[in-house]
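Participant: This is the content of upload04.txt (compact mmCIF, C-alpha atoms):
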# COMPACT_ATOMS: atom_id res chain seq x y z
CA MET P 20 74.49 119.45 94.25
CA LEU P 21 72.58 120.21 97.40
CA GLN P 22 71.68 116.55 97.68
CA LEU P 23 75.30 115.58 97.29
CA ILE P 24 76.31 117.86 100.17
CA LYS P 25 73.43 116.51 102.21
CA PHE P 26 74.54 112.95 101.57
CA PHE P 27 78.04 113.69 102.75
CA THR P 28 76.99 115.59 105.87
CA ASN P 29 74.71 112.70 106.80
CA ASN P 30 77.43 110.21 106.12
CA ARG P 31 80.51 111.89 107.51
CA VAL P 32 82.08 108.70 108.83
CA GLY P 33 81.78 107.01 105.44
CA LEU P 34 83.36 110.00 103.74
CA LEU P 35 86.22 110.09 106.24
CA PHE P 36 86.72 106.36 105.66
CA LEU P 37 87.00 106.88 101.90
CA ILE P 38 89.43 109.80 102.29
CA LEU P 39 91.71 107.90 104.70
CA GLU P 40 91.73 104.83 102.44
CA LEU P 41 92.54 107.01 99.43
CA ILE P 42 95.49 108.57 101.29
CA ALA P 43 96.78 105.13 102.30
CA PHE P 44 96.38 103.87 98.74
CA ILE P 45 98.36 106.81 97.36
CA PHE P 46 101.15 105.95 99.83
CA ILE P 47 101.13 102.34 98.59
CA VAL P 48 101.32 103.34 94.93
CA LYS P 49 104.04 105.88 95.64
CA SER P 50 106.09 103.27 97.49
CA HIS P 51 106.00 101.06 94.41
CA SER P 52 107.60 103.61 92.14
CA PHE P 53 111.33 103.59 92.56
CA HIS P 54 112.35 107.14 93.28
CA HIS P 55 109.20 108.50 94.81
CA SER P 56 109.04 106.48 98.00
CA LYS P 57 110.07 109.53 99.96
CA TYR P 58 106.91 109.82 102.02
CA LEU P 59 106.96 106.81 104.27
CA ASN P 60 110.28 105.16 104.87
CA SER P 61 112.45 104.51 107.85
CA ALA P 62 115.35 106.64 106.63
CA ASN P 63 114.46 109.30 109.15
CA VAL P 64 115.79 110.19 112.55
CA ILE P 65 112.94 108.95 114.74
CA SER P 66 112.37 105.53 113.23
CA GLY P 67 116.07 105.09 112.52
CA SER P 68 116.92 105.54 116.18
CA ILE P 69 114.09 103.26 117.34
CA HIS P 70 115.39 100.49 115.10
CA LYS P 71 118.94 101.15 116.24
CA LYS P 72 117.99 100.75 119.90
CA SER P 73 116.20 97.45 119.37
CA THR P 74 119.01 96.17 117.13
CA ASN P 75 121.55 97.04 119.80
CA ILE P 76 119.70 94.85 122.28
CA LYS P 77 119.36 92.01 119.78
CA ASN P 78 123.06 92.17 118.92
CA TYR P 79 124.08 91.23 122.45
CA PHE P 80 122.55 87.83 121.95
CA ASN P 81 124.51 86.87 118.86
CA LEU P 82 127.87 88.44 119.60
CA LYS P 83 129.53 85.06 119.46
CA SER P 84 128.43 84.14 115.97
CA GLN P 85 129.21 87.64 114.76
CA ASN P 86 132.72 87.35 116.13
CA GLY P 87 133.09 84.08 114.29
CA ASP P 88 132.02 85.70 111.03
CA LEU P 89 134.44 88.57 111.51
CA VAL P 90 137.34 86.23 112.21
CA LYS P 91 136.52 84.30 109.06
CA GLU P 92 136.39 87.46 107.03
CA ASN P 93 139.69 88.64 108.51
CA GLU P 94 141.28 85.38 107.51
CA LEU P 95 139.98 85.73 103.97
CA LEU P 96 141.24 89.29 103.70
CA LYS P 97 144.64 88.36 105.09
CA ASN P 98 145.00 85.64 102.49
CA LYS P 99 143.95 88.04 99.75
CA LEU P 100 146.43 90.64 100.97
CA GLU P 101 149.18 88.05 100.92
CA GLN P 102 148.35 87.13 97.34
CA PHE P 103 148.17 90.79 96.42
CA ILE P 104 151.60 91.57 97.82
CA GLU P 105 153.08 88.60 96.03
CA SER P 106 151.51 89.37 92.70
CA THR P 107 151.81 93.10 92.29
CA ASP P 108 154.67 95.18 91.03
CA SER P 109 155.05 98.52 92.67
CA GLU P 110 153.68 100.33 89.63
CA LYS P 111 150.43 98.43 89.83
CA ILE P 112 149.55 99.70 93.27
CA ASN P 113 147.39 102.69 92.70
CA SER P 114 146.00 104.81 95.47
CA ASN P 115 143.10 105.94 93.30
CA THR P 116 141.11 102.73 93.51
CA LYS P 117 137.83 102.60 91.70
CA TYR P 118 135.75 101.33 94.63
CA LYS P 119 135.59 102.63 98.16
CA TYR P 120 133.87 100.57 100.88
CA ILE P 121 131.93 102.16 103.72
CA SER P 122 131.13 99.79 106.57
CA SER P 123 127.64 100.00 108.02
CA LYS P 124 125.19 98.15 110.28
CA VAL P 125 121.75 96.87 109.34
CA VAL P 126 119.31 98.36 111.85
CA TYR P 127 116.12 97.08 110.28
CA ASN P 128 116.10 93.74 108.48
CA SER P 129 113.24 92.20 106.53
CA TYR P 130 113.25 89.00 104.49
CA HIS P 131 109.84 87.35 104.81
CA LYS P 132 107.88 89.72 102.59
CA ARG P 133 107.62 89.63 98.81
CA ASN P 134 109.29 93.04 98.55
CA ASN P 135 111.87 93.65 101.23
CA ILE P 136 113.51 96.93 102.11
CA LEU P 137 116.22 97.23 104.79
CA THR P 138 117.51 100.19 106.79
CA ILE P 139 121.20 100.82 107.51
CA ASP P 140 122.77 103.29 109.93
CA LYS P 141 124.87 105.37 107.52
CA GLY P 142 123.61 108.21 105.36
CA SER P 143 124.62 111.31 103.46
CA ASN P 144 126.94 112.32 106.32
CA ASP P 145 129.07 109.35 105.33
CA SER P 146 128.83 110.26 101.63
CA ILE P 147 126.21 107.62 100.82
CA LYS P 148 123.96 108.40 97.89
CA PRO P 149 121.00 106.58 96.30
CA ASN P 150 121.90 103.79 93.84
CA MET P 151 125.02 102.54 95.57
CA GLY P 152 125.64 98.82 96.05
CA VAL P 153 125.41 97.13 99.44
CA VAL P 154 127.52 93.97 99.75
CA LEU P 155 129.04 91.40 102.05
CA SER P 156 132.28 89.56 101.39
CA ASN P 157 130.12 86.61 100.30
CA GLY P 158 127.20 88.19 98.52
CA ILE P 159 125.22 91.14 97.29
CA ILE P 160 122.59 92.55 99.65
CA GLY P 161 120.97 95.29 97.59
CA ILE P 162 121.01 98.86 96.35
CA THR P 163 120.56 102.05 98.40
CA LEU P 164 117.20 103.69 97.78
CA ARG P 165 116.57 106.73 99.96
CA VAL P 166 119.20 108.52 102.00
CA SER P 167 118.82 110.82 104.99
CA LYS P 168 121.65 112.31 107.05
CA ASN P 169 122.36 109.28 109.21
CA TYR P 170 120.26 106.46 107.74
CA SER P 171 119.51 104.93 104.36
CA THR P 172 117.00 102.43 103.08
CA VAL P 173 118.22 99.57 100.91
CA LEU P 174 116.28 97.80 98.18
CA SER P 175 117.05 94.18 99.07
CA LEU P 176 117.98 91.48 96.58
CA LEU P 177 114.85 89.83 98.01
CA ASN P 178 112.56 92.21 96.13
CA SER P 179 110.65 91.83 92.88
CA ARG P 180 112.15 95.11 91.64
CA THR P 181 115.76 94.00 92.02
CA LYS P 182 117.70 92.49 89.13
CA ILE P 183 121.42 91.97 89.49
CA ASN P 184 123.94 91.25 86.77
CA ALA P 185 125.75 87.97 87.48
CA LYS P 186 127.95 85.50 85.64
CA MET P 187 129.31 81.97 85.87
CA LYS P 188 132.64 81.82 87.65
CA ASN P 189 134.21 79.39 85.20
CA SER P 190 132.66 80.29 81.84
CA HIS P 191 131.95 84.04 81.99
CA HIS P 192 128.44 83.68 80.58
CA PHE P 193 126.17 86.48 81.80
CA GLY P 194 122.66 86.43 83.20
CA SER P 195 120.72 88.18 85.90
CA LEU P 196 119.87 87.24 89.45
CA GLU P 197 116.27 87.70 90.63
CA TRP P 198 114.11 86.49 93.49
CA ASN P 199 110.77 84.69 93.15
CA GLY P 200 109.64 85.35 96.71
CA LYS P 201 109.75 81.78 97.98
CA SER P 202 112.78 81.12 100.16
CA PHE P 203 115.16 83.76 101.44
CA SER P 204 118.14 81.49 100.89
CA LYS P 205 117.42 80.81 97.20
CA ALA P 206 117.50 83.24 94.25
CA GLN P 207 116.86 82.56 90.56
CA PHE P 208 119.37 83.00 87.75
CA THR P 209 117.71 84.04 84.48
CA ASP P 210 118.55 85.13 80.92
CA LEU P 211 121.44 82.70 80.72
CA PRO P 212 122.18 81.62 77.11
CA ILE P 213 121.91 77.89 76.43
CA GLN P 214 125.52 77.86 75.22
CA ALA P 215 126.63 78.09 78.82
CA ASN P 216 127.15 74.59 80.10
CA ILE P 217 126.09 74.58 83.69
CA LYS P 218 126.01 71.86 86.26
CA ILE P 219 124.84 71.60 89.82
CA GLY P 220 127.44 72.99 92.19
CA ASP P 221 128.73 75.70 89.83
CA THR P 222 129.52 79.00 91.50
CA LEU P 223 127.99 82.32 90.49
CA ILE P 224 129.80 85.67 90.88
CA SER P 225 128.77 89.27 90.28
CA GLY P 226 129.28 90.38 86.69
CA GLY P 227 131.34 93.35 85.58
CA LYS P 228 128.54 94.90 83.55
CA SER P 229 127.07 96.65 86.54
CA VAL P 230 128.12 100.18 87.42
CA ILE P 231 126.98 99.65 90.98
CA PHE P 232 128.75 96.44 92.03
CA PRO P 233 132.38 95.42 91.69
CA GLU P 234 133.09 92.31 89.64
CA GLY P 235 133.76 88.94 91.22
CA ILE P 236 131.82 88.93 94.48
CA PRO P 237 130.80 85.30 95.11
CA LEU P 238 126.99 85.02 95.16
CA GLY P 239 125.98 81.39 95.47
CA VAL P 240 125.99 77.90 93.97
CA ILE P 241 123.56 76.38 91.49
CA THR P 242 121.42 73.78 93.21
CA ASP P 243 118.84 72.97 90.58
CA PHE P 244 117.94 73.79 86.96
CA SER P 245 115.64 72.70 84.17
CA ILE P 246 115.87 73.00 80.37
CA ASP P 247 112.90 73.57 78.10
CA LYS P 248 113.23 73.66 74.29
CA LYS P 249 116.84 74.76 74.15
CA SER P 250 116.71 77.41 76.84
CA TYR P 251 117.11 77.36 80.57
CA THR P 252 113.79 77.89 82.34
CA THR P 253 114.65 78.08 85.99
CA ILE P 254 118.02 77.97 87.67
CA ASP P 255 117.91 77.93 91.46
CA VAL P 256 120.87 79.42 93.26
CA ASN P 257 121.66 78.82 96.91
CA LEU P 258 122.87 82.18 98.22
CA PHE P 259 126.02 82.35 100.35
CA ALA P 260 124.71 85.35 102.26
CA ASP P 261 122.30 84.62 105.10
CA PHE P 262 119.61 87.28 104.76
CA SER P 263 118.01 86.29 108.04
CA ALA P 264 121.09 87.31 110.02
CA LEU P 265 122.44 90.48 108.46
CA ASN P 266 124.52 92.71 110.67
CA ASN P 267 127.67 94.33 109.27
CA VAL P 268 127.48 95.24 105.59
CA PHE P 269 129.52 97.37 103.21
CA VAL P 270 128.25 100.13 100.97
CA VAL P 271 130.22 100.33 97.72
CA ASN P 272 131.03 103.74 96.39
CA ASN P 273 132.10 103.57 92.76
CA ARG P 274 134.03 106.77 92.22
CA LEU P 275 133.68 106.50 88.47
CA SER P 276 129.98 105.62 88.37
CA GLU P 277 128.86 109.14 87.44
CA GLU P 278 131.33 109.23 84.57
CA GLN P 279 130.05 105.90 83.28
CA PHE P 280 126.38 106.86 83.68
CA GLU P 281 127.02 110.09 81.80
CA LEU P 282 128.77 108.34 78.95
CA GLU P 283 126.06 105.70 78.66
CA SER P 284 123.27 108.26 78.66
CA ILE P 285 124.96 110.10 75.75
CA ASN P 286 125.05 106.88 73.76
CA GLU P 287 121.34 106.23 74.22
CA MET Y 4 88.07 113.09 127.53
CA ASN Y 5 91.69 114.11 127.88
CA SER Y 6 92.57 111.08 129.94
CA THR Y 7 90.96 108.80 127.31
CA LEU Y 8 92.94 110.58 124.60
CA LEU Y 9 96.14 110.07 126.57
CA LYS Y 10 95.30 106.44 127.30
CA TYR Y 11 94.68 105.50 123.68
CA GLY Y 12 97.62 107.63 122.52
CA ILE Y 13 99.91 105.61 124.78
CA LEU Y 14 98.26 102.39 123.61
CA ILE Y 15 98.99 103.29 119.96
CA ILE Y 16 102.66 103.96 120.69
CA LEU Y 17 102.97 100.83 122.83
CA LEU Y 18 101.37 98.60 120.17
CA THR Y 19 103.61 100.09 117.47
CA LEU Y 20 106.77 99.39 119.47
CA LEU Y 21 105.60 95.88 120.40
CA GLN Y 22 104.81 95.04 116.78
CA VAL Y 23 108.03 96.37 115.30
CA SER Y 24 110.46 95.13 117.92
CA ILE Y 25 108.90 91.80 118.93
CA PHE Y 26 106.11 90.45 116.72
CA ASN Y 27 107.84 91.29 113.43
CA ASN Y 28 110.75 89.10 114.51
CA VAL Y 29 108.83 85.92 115.25
CA ASP Y 30 109.45 84.45 111.76
CA LEU Y 31 107.84 81.09 112.42
CA LEU Y 32 108.83 78.68 109.58
CA GLY Y 33 110.76 81.57 108.12
CA TYR Y 34 107.89 83.80 107.08
CA ILE Y 35 104.93 83.67 109.46
CA ASN Y 36 104.54 86.76 111.60
CA PRO Y 37 101.54 87.75 113.71
CA TYR Y 38 100.06 91.23 113.36
CA PHE Y 39 99.17 91.79 116.98
CA TYR Y 40 98.65 95.56 116.75
CA ILE Y 41 95.12 95.17 115.34
CA ILE Y 42 94.00 94.27 118.89
CA PHE Y 43 93.45 98.04 118.98
CA ILE Y 44 90.31 97.57 116.87
CA PHE Y 45 88.91 95.08 119.41
CA VAL Y 46 89.64 97.01 122.60
CA PHE Y 47 88.50 100.41 121.36
CA PRO Y 48 85.17 101.08 123.17
CA PHE Y 49 81.91 101.12 121.22
CA ASP Y 50 80.45 104.21 122.85
CA LYS Y 51 83.20 106.48 121.49
CA ASN Y 52 82.48 108.08 118.15
CA LYS Y 53 83.51 106.37 114.94
CA THR Y 54 85.56 109.29 113.67
CA ALA Y 55 87.95 108.89 116.59
CA LEU Y 56 88.37 105.19 115.86
CA LEU Y 57 89.07 105.78 112.16
CA ILE Y 58 91.61 108.53 112.80
CA SER Y 59 93.42 106.71 115.61
CA SER Y 60 93.66 103.46 113.63
CA PHE Y 61 94.90 105.48 110.65
CA LEU Y 62 97.68 106.85 112.86
CA LEU Y 63 98.54 103.41 114.24
CA GLY Y 64 98.80 101.96 110.72
CA LEU Y 65 100.86 104.93 109.60
CA PHE Y 66 103.40 104.45 112.41
CA ILE Y 67 103.79 100.77 111.57
CA ASP Y 68 104.20 101.56 107.86
CA ILE Y 69 106.87 104.17 108.48
CA LEU Y 70 108.85 101.84 110.72
CA THR Y 71 108.69 98.84 108.40
CA ASN Y 72 109.09 100.58 105.01
CA ASP Y 73 105.75 99.16 103.89
CA GLY Y 74 104.35 102.14 102.02
CA GLY Y 75 100.77 102.29 103.23
CA ILE Y 76 99.56 98.70 103.41
CA HIS Y 77 99.09 98.58 107.19
CA THR Y 78 97.29 101.92 107.16
CA PHE Y 79 94.94 100.77 104.42
CA SER Y 80 94.14 97.44 106.03
CA ILE Y 81 93.57 98.62 109.59
CA VAL Y 82 91.32 101.52 108.52
CA PHE Y 83 89.35 99.03 106.46
CA ILE Y 84 88.58 96.72 109.40
CA ALA Y 85 88.07 99.69 111.73
CA TYR Y 86 85.23 100.80 109.47
CA PHE Y 87 83.59 97.39 109.20
CA ARG Y 88 83.91 96.19 112.80
CA VAL Y 89 80.49 97.50 113.85
CA PHE Y 90 78.66 96.19 110.76
CA LEU Y 91 80.11 92.75 111.32
CA LEU Y 92 79.22 92.70 114.99
CA GLN Y 93 75.66 93.76 114.14
CA ILE Y 94 75.31 90.77 111.84
CA LEU Y 95 76.97 88.32 114.25
CA SER Y 96 75.08 89.34 117.38
CA ASN Y 97 71.75 90.25 115.76
CA LYS Y 98 71.60 93.73 117.22
CA ASN Y 99 70.89 97.14 115.75
CA GLU Y 100 73.31 100.04 115.71
CA ASP Y 101 72.05 101.69 118.90
CA ASP Y 102 72.34 98.48 120.90
CA ILE Y 103 75.90 98.04 119.76
CA GLU Y 104 76.87 101.37 121.30
CA GLN Y 105 75.82 100.05 124.70
CA ILE Y 106 77.74 96.84 124.28
CA ASN Y 107 80.87 95.95 126.20
CA THR Y 108 83.39 93.53 124.73
CA LYS Y 109 83.27 91.59 128.02
CA ASP Y 110 79.57 90.83 127.62
CA LEU Y 111 79.89 89.17 124.22
CA SER Y 112 79.54 85.41 124.12
CA PHE Y 113 82.77 83.62 123.29
CA VAL Y 114 81.49 82.30 119.97
CA VAL Y 115 80.48 85.75 118.76
CA LEU Y 116 83.73 87.26 120.02
CA PHE Y 117 85.77 84.52 118.39
CA LEU Y 118 84.00 84.83 115.02
CA TRP Y 119 84.18 88.61 115.12
CA ILE Y 120 87.93 88.63 115.81
CA SER Y 121 88.68 85.83 113.36
CA ILE Y 122 86.82 87.32 110.41
CA LEU Y 123 88.27 90.81 110.88
CA THR Y 124 91.79 89.43 111.42
CA PHE Y 125 91.52 87.29 108.31
CA MET Y 126 90.27 90.26 106.28
CA HIS Y 127 93.12 92.41 107.56
CA HIS Y 128 95.81 89.82 106.84
CA PHE Y 129 94.43 89.07 103.39
CA LEU Y 130 94.57 92.78 102.52
CA ILE Y 131 98.10 93.07 103.92
CA PHE Y 132 99.51 90.16 101.93
CA SER Y 133 97.73 90.93 98.67
CA LEU Y 134 98.73 94.61 98.79
CA GLU Y 135 102.27 93.52 99.60
CA GLN Y 136 102.44 91.34 96.48
CA PHE Y 137 100.40 93.86 94.49
CA SER Y 138 99.05 90.99 92.37
CA PHE Y 139 97.05 87.78 92.67
CA VAL Y 140 99.52 85.70 90.66
CA GLU Y 141 100.32 83.18 93.38
CA PHE Y 142 96.86 83.10 94.90
CA SER Y 143 97.15 79.77 96.70
CA LYS Y 144 100.37 80.82 98.39
CA LEU Y 145 98.74 84.09 99.35
CA LEU Y 146 95.84 82.26 100.98
CA LEU Y 147 98.14 79.89 102.84
CA LYS Y 148 100.23 82.74 104.17
CA THR Y 149 97.11 84.64 105.22
CA PHE Y 150 95.65 81.58 106.90
CA LEU Y 151 98.77 80.64 108.88
CA SER Y 152 99.53 84.17 110.03
CA SER Y 153 95.88 84.74 110.93
CA ILE Y 154 95.81 81.73 113.24
CA LEU Y 155 98.83 83.00 115.13
CA SER Y 156 97.42 86.52 115.35
CA ILE Y 157 93.97 85.34 116.49
CA VAL Y 158 95.44 83.24 119.32
CA LEU Y 159 97.62 86.12 120.50
CA ILE Y 160 94.80 88.66 120.23
CA ILE Y 161 92.33 86.55 122.21
CA PHE Y 162 94.97 85.97 124.84
CA GLY Y 163 95.84 89.67 124.93
CA LEU Y 164 92.17 90.62 125.08
CA GLN Y 165 91.67 88.48 128.20
CA LEU Y 166 94.57 90.27 129.89
CA PHE Y 167 93.32 93.67 128.83
CA LEU Y 168 89.74 93.10 129.97
CA LYS Y 169 90.78 91.55 133.26
CA LYS Y 170 92.97 94.52 134.05
CA LYS Y 171 90.14 96.86 133.16
CA SER Y 172 87.64 95.16 135.45
CA ASN Y 173 90.08 95.26 138.35
CA ALA Y 174 90.72 98.96 137.94
Show me this structure written as structure tokens.
Facilitator:
Amino acid sequence: MLQLIKFFTNNRVGLLFLILELIAFIFIVKSHSFHHSKYLNSANVISGSIHKKSTNIKNYFNLKSQNGDLVKENELLKNKLEQFIESTDSEKINSNTKYKYISSKVVYNSYHKRNNILTIDKGSNDSIKPNMGVVLSNGIIGITLRVSKNYSTVLSLLNSRTKINAKMKNSHHFGSLEWNGKSFSKAQFTDLPIQANIKIGDTLISGGKSVIFPEGIPLGVITDFSIDKKSYTTIDVNLFADFSALNNVFVVNNRLSEEQFELESINE
Amino acid sequence: MNSTLLKYGILIILLTLLQVSIFNNVDLLGYINPYFYIIFIFVFPFDKNKTALLISSFLLGLFIDILTNDGGIHTFSIVFIAYFRVFLLQILSNKNEDDIEQINTKDLSFVVLFLWISILTFMHHFLIFSLEQFSFVEFSKLLLKTFLSSILSIVLIIFGLQLFLKKKSNA
């Protein structure tokens, strides 16, 4: 025992090194478990505001392309509204819609790592909670992870822990969308039954099986696939959303999600 | 002592901001980013005690991790090379530990300096990328990523080091 103490007093730097590395390693392990990454993340006031400042500066430089995107989205929404007015009877219009969208800005974007986590500038003050969907009009971005008062972190689709329910637009066969870490514009569609006849150019939309995301958000088109012994091995999907230029996103609040979660947990 | 503390405190904050706001957005070929902040390991003087170096590099890594949602991978990697920088320089320059304390980064020959920076940078980047993946499944891709990012970092660090040392000798 005495020798052990002697060793450590003689080798204080080595001991400090081991302690610091152990602390860092605990942080790494904690960050890999879903709900415990509360120690080090940028959903806090200081880092949130630093990211916000630098994003504000960056945004000046691409105002033009952002305007273009917004105009396009406006056009799409106007067309949808037109269709909606034409198609609905007055009884069908219901003020208690299932989904509520909260618009938000991405203040920290990341897409070149294997496991990407983003930060957005809305938090619990805007009634955002963990496990809500984050979407664009042309794609799914991710799921909220940790929430502080004014900021939240988002588990990106470009993360090995993310798996999103998706289906074929024309045949309603289900599968899930994952990311293999290679290119930020391509995701992989898995678990698709062989009965689904797919071809290159088919469109993928979000499936209705998810509590988090609304059904029917366009995700991408199939660019490549291979078949091995009567099952699909890899299906590459070109994503509509450009993860390298995220700015305005929407957080989806499903008002009935708690009810559905509760019911499903009783069944299990 | 206090002025040194202040100087390196400011340097830590400055390097953190530079890394997060500029170097993390380089995205060469879509995924290559330099990790310039480890220049801290190369400019930190040798005559200061090792405890100070370990703790200050721990803090620098921690700041970067918090701002980039990376858990603790930067902290782990920078503390690792902070601990081994003296051992490596001993081997490269054939000197014992006491001689190293007298050494000034300016006095090192370019070959030794280059090797010293390159090996530590490569070690750091390899740790970063393997901890990020948390597996060695795609080992060749991991090595390629490490190699490409390291080259970019080494060039920037050597360039930055020249500026830093020049400024120091003028002052």
Participant: Considering all atoms listed in the file, return as a VMD selection string whatever protein or nucleic-acid residues lie within 9 Å of segment 74-83 of chain P, sequence-local ones (same chain, fewer than 6 positions apart) excluded.
Facilitator: (chain P and resid 125 to 127 266) or (chain Y and resid 24)
Participant: Near chain Y, meaning an atom within 7 Å, which residues of chain P appear when counting all atoms listed in the file? Write them as a list in words.
Facilitator: Val32, Phe36, Glu40, Ala43, Phe44, Phe46, Ile47, Ser50, Leu59, Asn60, Ser61, Ser66, Ser73, His131, Arg133 and Ile136 of chain P
Participant: As an exercise, work out the distance from atom CA of Phe125 of chain Y to atom CA of Phe90 of chain Y in Å and give it to one decimal place.
Facilitator: 15.8 Å
Participant: Report, in Å to a single decimal, how far apart atom CA of Asn273 of chain P and atom CA of Met187 of chain P are.
Facilitator: 22.8 Å
Participant: What is the atom CA of Ser68 of chain P to atom CA of Leu137 of chain P distance in Å?
Facilitator: 14.1 Å
Participant: In terms of the shortest atom-to-atom distance over all atoms listed in the file, which of P:Glu277, P:Gln22, P:Val256, P:Leu265 is closest to Gly161 of chain P?
Facilitator: P:Leu265
Participant: Neighbours of segment 155-160 of chain Y within 10 Å (all atoms listed in the file; same-chain residues fewer than 4 positions away dropped), as a ChimeraX atom specification?
Facilitator: /Y:26,31,35-43,45,117,120-125,128,150-151,164-166
Participant: List every protein, DNA or RNA residue that has at least one atom no more than 8 Å from (80.3, 92.8, 110.9) in the file's coordinates, counting all atoms listed in the file, and write the result as number ranges by chain.
Facilitator: Y: 87-95, 119
Participant: Looking at Y:Ser60, Y:Glu141, Y:Phe49, Y:Ile13, which one is nearest to Asn107 of chain Y, with distances taken over only C-alpha atoms?
Facilitator: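 Between Y:Ser60, Y:Glu141, Y:Phe49, Y:Ile13, the residue approaching Asn107 of chain Y most closely is Y:Phe49.
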Participant: For Tyr118 of chain P, which residue out of P:Phe262, P:Tyr170, P:Phe280, P:Phe232 is the nearest one, using only C-alpha atoms?
Facilitator: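 Smallest separation from Tyr118 of chain P among the options: P:Phe232.
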Participant: Do a neighbour search on Ser225 of chain P at 6 Å with all atoms listed in the file, toss out local chain neighbours closer than 5 positions, and write the hits as a list in words.
Facilitator: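 Within the cut-off, the hits are Ala185, Glu234, Gly235 and Ile236 of chain P.
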Participant: Taking only C-alpha atoms into account, which of Y:Ile131, Y:Leu168, Y:Ile84, Y:Val46 comes nearest Leu145 of chain Y?
Facilitator: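 Going through Y:Ile131, Y:Leu168, Y:Ile84, Y:Val46 one by one, the smallest distance to Leu145 of chain Y is for Y:Ile131.
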Participant: For a quick check of understanding, using only C-alpha atoms, which of P:Asn157, P:Leu35, P:Leu196, P:Phe244 has the smallest distance to Leu96 of chain P?
Facilitator: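 Among the listed residues, P:Asn157 lies closest to Leu96 of chain P.
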Participant: Rank nothing, just name the residue among Y:Ile161, Y:Phe129, Y:Ser96, Y:Asp101 nearest to Val115 of chain Y, using all atoms listed in the file.
Facilitator: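 Under the stated criterion, the closest residue is Y:Ser96.
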Participant: Please supply segment 142-153 of chain Y, rebuilt with N, CA, C and O atoms, as a PDB file, keeping the file's coordinate frame.
Facilitator:
ATOM      1  N   PHE Y 142      98.002  82.941  93.996  1.00  0.00           N
ATOM      2  CA  PHE Y 142      96.860  83.100  94.900  1.00  0.00           C
ATOM      3  C   PHE Y 142      96.844  82.059  96.016  1.00  0.00           C
ATOM      4  O   PHE Y 142      96.544  82.370  97.161  1.00  0.00           O
ATOM      5  N   SER Y 143      97.209  80.809  95.678  1.00  0.00           N
ATOM      6  CA  SER Y 143      97.150  79.770  96.700  1.00  0.00           C
ATOM      7  C   SER Y 143      98.170  80.022  97.803  1.00  0.00           C
ATOM      8  O   SER Y 143      97.908  79.828  98.987  1.00  0.00           O
ATOM      9  N   LYS Y 144      99.341  80.526  97.399  1.00  0.00           N
ATOM     10  CA  LYS Y 144     100.370  80.820  98.390  1.00  0.00           C
ATOM     11  C   LYS Y 144      99.940  81.985  99.275  1.00  0.00           C
ATOM     12  O   LYS Y 144     100.174  81.990 100.479  1.00  0.00           O
ATOM     13  N   LEU Y 145      99.271  82.927  98.630  1.00  0.00           N
ATOM     14  CA  LEU Y 145      98.740  84.090  99.350  1.00  0.00           C
ATOM     15  C   LEU Y 145      97.748  83.657 100.425  1.00  0.00           C
ATOM     16  O   LEU Y 145      97.810  84.082 101.573  1.00  0.00           O
ATOM     17  N   LEU Y 146      96.851  82.739 100.036  1.00  0.00           N
ATOM     18  CA  LEU Y 146      95.840  82.260 100.980  1.00  0.00           C
ATOM     19  C   LEU Y 146      96.476  81.497 102.137  1.00  0.00           C
ATOM     20  O   LEU Y 146      96.105  81.677 103.292  1.00  0.00           O
ATOM     21  N   LEU Y 147      97.461  80.671 101.807  1.00  0.00           N
ATOM     22  CA  LEU Y 147      98.140  79.890 102.840  1.00  0.00           C
ATOM     23  C   LEU Y 147      98.819  80.793 103.853  1.00  0.00           C
ATOM     24  O   LEU Y 147      98.689  80.617 105.064  1.00  0.00           O
ATOM     25  N   LYS Y 148      99.518  81.793 103.326  1.00  0.00           N
ATOM     26  CA  LYS Y 148     100.230  82.740 104.170  1.00  0.00           C
ATOM     27  C   LYS Y 148      99.244  83.481 105.072  1.00  0.00           C
ATOM     28  O   LYS Y 148      99.462  83.629 106.272  1.00  0.00           O
ATOM     29  N   THR Y 149      98.142  83.930 104.466  1.00  0.00           N
ATOM     30  CA  THR Y 149      97.110  84.640 105.220  1.00  0.00           C
ATOM     31  C   THR Y 149      96.554  83.753 106.329  1.00  0.00           C
ATOM     32  O   THR Y 149      96.431  84.169 107.482  1.00  0.00           O
ATOM     33  N   PHE Y 150      96.262  82.511 105.969  1.00  0.00           N
ATOM     34  CA  PHE Y 150      95.650  81.580 106.900  1.00  0.00           C
ATOM     35  C   PHE Y 150      96.565  81.309 108.103  1.00  0.00           C
ATOM     36  O   PHE Y 150      96.153  81.430 109.255  1.00  0.00           O
ATOM     37  N   LEU Y 151      97.838  80.984 107.811  1.00  0.00           N
ATOM     38  CA  LEU Y 151      98.770  80.640 108.880  1.00  0.00           C
ATOM     39  C   LEU Y 151      99.037  81.826 109.805  1.00  0.00           C
ATOM     40  O   LEU Y 151      99.007  81.698 111.031  1.00  0.00           O
ATOM     41  N   SER Y 152      99.278  82.996 109.200  1.00  0.00           N
ATOM     42  CA  SER Y 152      99.530  84.170 110.030  1.00  0.00           C
ATOM     43  C   SER Y 152      98.311  84.550 110.846  1.00  0.00           C
ATOM     44  O   SER Y 152      98.426  84.961 111.999  1.00  0.00           O
ATOM     45  N   SER Y 153      97.120  84.390 110.229  1.00  0.00           N
ATOM     46  CA  SER Y 153      95.880  84.740 110.930  1.00  0.00           C
ATOM     47  C   SER Y 153      95.713  83.910 112.192  1.00  0.00           C
ATOM     48  O   SER Y 153      95.357  84.434 113.250  1.00  0.00           O
TER      49      SER Y 153
END
